[in-house]
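One structure below.
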Amino acid sequence: MAAEASWTRTYRRHRGLLLLIGPCLAYFLVFHYVPMVGLIIAFKDFVMSNGVLASPWNGLDNFVRLFASEDFPRALRNTVVISLLRLSFGFVAPIVLALMLNELRIGWFKRGVQTLTYLPYFFSWVILGGIFLMLLSGDGPANNIVRAAGANPISFLGDDLWFIAVLIAAGIWQSAGYGAVIYLAALAGIDPNLYEAASIDGAGRWQQTLRITLPSLVPTIIVLFILSLGQVLNAGFDQIYNMYNPIVYDVADIIDTYVLRRLIAMDYALATAAGFFKSVVGLVLVVGVNWMARRFSDDEYGIW
Amino acid sequence: MKLTRGERVFAVFNVVVLSGVALVALYPFVYTISISLSTAAEANRDSLHLYPREVTLAAYRLVLSNPDILNGFANTILRTVLGTVLTVITTALAAYPLARRELPHRGLATFLILFTMIFNGGIVPTYLLVRELGLLNSVWSLVLPAMLTAFNIIIVKNFFQTIPESFGEAARVEGAGELSILLRIYLPLSKPVLATISLWTAVMHWNQWFDAMIYITDDRKQVLQNFLQRIVIENSTIMLDLGMTDLNVTQYTPETIKAATVVVTIFPIICLYPFVQKYFVKGILLGGVKE
């Protein structure tokens, strides 16, 4: 009774704060937690007219169907392959760009290059994909160069290998400048006294980069690397959807594009099962890598 | 500081390579703008199209007289303005109580919000929810599901926590309510972080197409990105067919129309970019370790 009274008192005293947080939590319940409950569709024989709750359960049937299908295992494989390729080729690009920008001594030139390199990040892949389709088409400028060099035109978007190469390269083109901003901020945080001391000791610029700059970036590099490992099931839906075509489905169809196709085909149960699989694996990965990031950095880094 | 010979060679090499990088970053846009201004004959010429030798605004006239594009423009502006205003207001309202240590169940509330960052229902249940709520084919389907995000709330909450509590305490002694403390004391001090969030939200709304693709089936409600998608990605020739009835038909090619549509779509961002760059950079840094 006494406890209850003190609860009421606390609530009354902080009525103002509770009135503010209440609608916010209600929003999250409706728009985030209700869809989480909706994931039970993955374990049901979902019929739209019955609704989510009244549709009969069917255990793991949807998952069995999913993994027995031809498309989903392929989509899973493609997702992981594309992500790992992005990681291998795309991860270093912003680091190198930031190091090079950091060596520039002409202010306007540095700002100019920086501004141009992160510009593409602010456009949607509908726009960027559209531009690349024009650049890489049969009679676009890329093939004009190929023809001028005396070779046969290349089907950049219709050949499996070329398509993946274009995908990775365009991805780097879009986000390297954005990534470099983060590393440049880390570079700006390096104590200038270190450089001064090193140069008094006779270290040249190259030595300074090797002994001071790079080691100072290591924590940022490792944390960003670990965090991007947590995103391995996000292979870049926006980009792929706007650049791929059925000819390259064999290498370009990823989980997200697969889910979308099932959704459009109104095969809700299978689409949800695929999405559920992705969400759960994603959760495990993010929690796992975050734990690693925190351990590595003595609790300094991590999402939470 | 005196540079050694090797360092001078590197400095030159560095400037040359970075100039190249900048040109590569810029070229796709230069090409697009150049093609959009080209006559049909000029656009069909084998060239890198760094600039148009024969200029015409015909493609722009066609694009800007297309009712779908104009309509899409209006719908995009609507979702951007409505979405940004609502996001900023609700984010501030949600972040303020979370920034205050006295909030009962603060830990639980923070956890409920943060958890949505790492786990979500995915597109199918969200689609069914939007449908159940009767939001399909309404601008609300584009605004509400993305209105409050854990990420924005945490950013603003962290900023609010840097404001000394004594500021609010003084007002509270004078009998001010929480809402008026938020409005009169916290918000004016938080302009930079709110500006950053507004800008990123606005750009997100301007660029977003996926939600509109699945929630909007009525073309009168469709947004600009999705009309653009039909033209440049799906090669819809509706606009070109429209052009065929025009006497100036030799002035267009499918490519010049695509390019002009792209330029029209990115124009607002390009215009804004030089002025708001510092907020973009700030946003990148805020989000840096998130992804």
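To be explicit about the labels: the chains of the structure tokens are called A, B, and onward in the order shown, and within each one the residues are counted from 1, while ligands get numbers from 1 in the order they are shown.
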
Each region 84-161 of chain B residue no farther than 12 Å from region 43-49 of chain A, nearest pair in Å, only C-alpha atoms, as JSON lines:
```
{"residue": "B:Val124", "atom": "CA", "partner": "A:Phe46", "partner_atom": "CA", "distance": 11.9}
{"residue": "B:Pro125", "atom": "CA", "partner": "A:Phe46", "partner_atom": "CA", "distance": 11.7}
{"residue": "B:Leu128", "atom": "CA", "partner": "A:Met48", "partner_atom": "CA", "distance": 9.4}
{"residue": "B:Arg131", "atom": "CA", "partner": "A:Met48", "partner_atom": "CA", "distance": 11.4}
{"residue": "B:Glu132", "atom": "CA", "partner": "A:Met48", "partner_atom": "CA", "distance": 11.0}
```

Dump as a PDB file, in the first residue's frame, selection limited to C-alpha atoms:
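Here's the written file part-v7.pdb:
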```pdb
ATOM      1  CA  VAL B 124       5.839  -7.581 -44.999  1.00  0.00           C
ATOM      2  CA  PRO B 125       4.400  -7.044 -41.494  1.00  0.00           C
ATOM      3  CA  LEU B 128       0.253  -5.231 -43.673  1.00  0.00           C
ATOM      4  CA  ARG B 131      -2.648  -1.443 -45.017  1.00  0.00           C
ATOM      5  CA  GLU B 132      -4.686  -2.285 -41.892  1.00  0.00           C
TER       6      GLU B 132
END
```

- Item | All residues 12 Å or closer to Ala41 (chain B), only C-alpha atoms, same chain fewer than 6 positions away omitted, as a PyMOL selection string | chain B and resi 35+47+52-56+249-253+255-256

- Assign secondary structure with DSSP using the backbone only, and return the residues of region 104-228 of chain A in helix (DSSP H, G or I) as a ChimeraX atom specification. /A:107-122,125-136,141-148,160-188,192-200,205-228

- Quick one: everything within 12 Å of Val232 (chain B), counting only C-alpha atoms, minus sequence neighbours fewer than 3 positions away in the same chain. Send it as a ChimeraX atom specification. /A:125-135,137,242-243 /B:32,225-229,235-240,254-263,265

- Do you know which residues are at most 10 Å from Leu17 (chain A) counting only C-alpha atoms, after dropping those on the same chain fewer than 4 positions away, and could you put them as a list in words?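 Once the adjacent positions are removed, what remains is Tyr11, Arg12, Arg13, Ile21 and Gly22 of chain A; Leu93, Ala94, Tyr96, Pro97, Leu98, Arg100, Glu102, Leu103, Pro104, Gly177, Glu178 and Leu179 of chain B.
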
- Task: Quick one: everything within 12 Å of region 5-18 of chain B, counting only C-alpha atoms, minus sequence neighbours fewer than 6 positions away in the same chain. Send it as a ChimeraX atom specification.
- Result: /A:96-106,109-114,116-117,177,203-209 /B:24-25

- Residue nearest chain A - candidates B:Ser166, B:Gln208, B:Thr39, B:Gln222, atoms counted: only C-alpha atoms: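 Checking each of B:Ser166, B:Gln208, B:Thr39, B:Gln222 against chain A, counting only C-alpha atoms, the winner is B:Gln208.
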
- Message: Which residues are close to region 148-165 of chain B, i.e. within 9 Å by only C-alpha atoms, leaving aside same-chain residues fewer than 5 positions away? Reply as an MDAnalysis selection string.
- Response: (chainID A and resid 24 27:28) or (chainID B and resid 86:88 90:92 94:100 110 113:117 170 186:187 189:190 193:194 197 286:287 290)

Write the residues you've just listed into a file as a PDB file, in the first residue's frame, and include C-alpha atoms for each of them.
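Written output follows (out30.pdb):
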```pdb
ATOM      1  CA  CYS A  24       6.313   8.459 -28.243  1.00  0.00           C
ATOM      2  CA  TYR A  27       4.172   5.296 -31.588  1.00  0.00           C
ATOM      3  CA  PHE A  28       6.963   2.761 -31.192  1.00  0.00           C
TER       4      PHE A  28
ATOM      5  CA  LEU B  86       6.740  16.081 -37.911  1.00  0.00           C
ATOM      6  CA  THR B  87      10.039  14.263 -37.417  1.00  0.00           C
ATOM      7  CA  VAL B  88      11.742  17.268 -35.847  1.00  0.00           C
ATOM      8  CA  THR B  90       8.191  14.513 -32.368  1.00  0.00           C
ATOM      9  CA  THR B  91      11.903  13.719 -32.030  1.00  0.00           C
ATOM     10  CA  ALA B  92      12.373  16.706 -29.714  1.00  0.00           C
ATOM     11  CA  ALA B  94      10.537  12.172 -27.326  1.00  0.00           C
ATOM     12  CA  ALA B  95      14.163  13.057 -26.625  1.00  0.00           C
ATOM     13  CA  TYR B  96      13.453  15.584 -23.882  1.00  0.00           C
ATOM     14  CA  PRO B  97      11.955  13.254 -21.238  1.00  0.00           C
ATOM     15  CA  LEU B  98      14.594  10.614 -22.034  1.00  0.00           C
ATOM     16  CA  ALA B  99      17.299  13.192 -21.377  1.00  0.00           C
ATOM     17  CA  ARG B 100      15.952  13.797 -17.871  1.00  0.00           C
ATOM     18  CA  THR B 110      15.247   3.895 -23.649  1.00  0.00           C
ATOM     19  CA  ILE B 113      13.292   2.603 -28.382  1.00  0.00           C
ATOM     20  CA  LEU B 114      16.867   1.397 -28.885  1.00  0.00           C
ATOM     21  CA  PHE B 115      15.831  -2.191 -29.505  1.00  0.00           C
ATOM     22  CA  THR B 116      14.098  -1.108 -32.728  1.00  0.00           C
ATOM     23  CA  MET B 117      17.522  -0.189 -34.091  1.00  0.00           C
ATOM     24  CA  ALA B 170      15.346  27.873 -12.596  1.00  0.00           C
ATOM     25  CA  TYR B 186      16.126  23.455 -24.643  1.00  0.00           C
ATOM     26  CA  LEU B 187      15.033  24.043 -28.229  1.00  0.00           C
ATOM     27  CA  LEU B 189      19.982  25.937 -27.461  1.00  0.00           C
ATOM     28  CA  SER B 190      19.702  22.932 -29.759  1.00  0.00           C
ATOM     29  CA  VAL B 193      21.501  19.493 -33.902  1.00  0.00           C
ATOM     30  CA  LEU B 194      17.895  20.117 -34.952  1.00  0.00           C
ATOM     31  CA  ILE B 197      18.389  16.263 -38.289  1.00  0.00           C
ATOM     32  CA  LEU B 286      26.904  11.782 -35.923  1.00  0.00           C
ATOM     33  CA  GLY B 287      26.027   8.699 -37.910  1.00  0.00           C
ATOM     34  CA  LYS B 290      26.208   3.788 -36.390  1.00  0.00           C
TER      35      LYS B 290
END
```

- Query: So which one's closest to chain A, B:Arg79, B:Arg220, B:Arg101, B:Arg184? Using only C-alpha atoms, please.
  - Reply: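 Distance minimum relative to chain A lands on B:Arg101.
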
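Ranking A:Thr213, A:Asn62, A:Ser6, A:Thr272 by their shortest atom-to-atom distance to chain B, with only C-alpha atoms included, puts A:Thr272 first.
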
- Atom-to-atom span, CA of Leu129 (chain B) and CA of Ile69 (chain B), Å: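 Straight-line distance from CA of Leu129 (chain B) to CA of Ile69 (chain B) works out to 29.2 Å.
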
- Task: Please indicate the distance in Å from CA of Leu270 (chain A) to CA of Leu142 (chain B), rounded to one decimal place.
- Result: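 For CA of Leu270 (chain A) relative to CA of Leu142 (chain B), the distance reads 24.9 Å.
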
- Task: Return the single residue from A:Leu187, A:Ile172, A:Val92, A:Ile182 that is closest to chain B, with distances computed using only C-alpha atoms.
- Result: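 For chain B, the nearest of the candidates is A:Ile182.
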
- Message: Report, in Å with one decimal, the straight-line distance from CA of Pro215 (chain A) to CA of Ile190 (chain A).
- Response: 10.3 Å

- Out of A:Val259, A:Ala176, A:Ile247, A:Ala185, which residue has the shortest atom-to-atom distance to Phe163 (chain A) when counting only C-alpha atoms?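 Looking only at the distances to Phe163 (chain A), the closest residue turns out to be A:Ile247.
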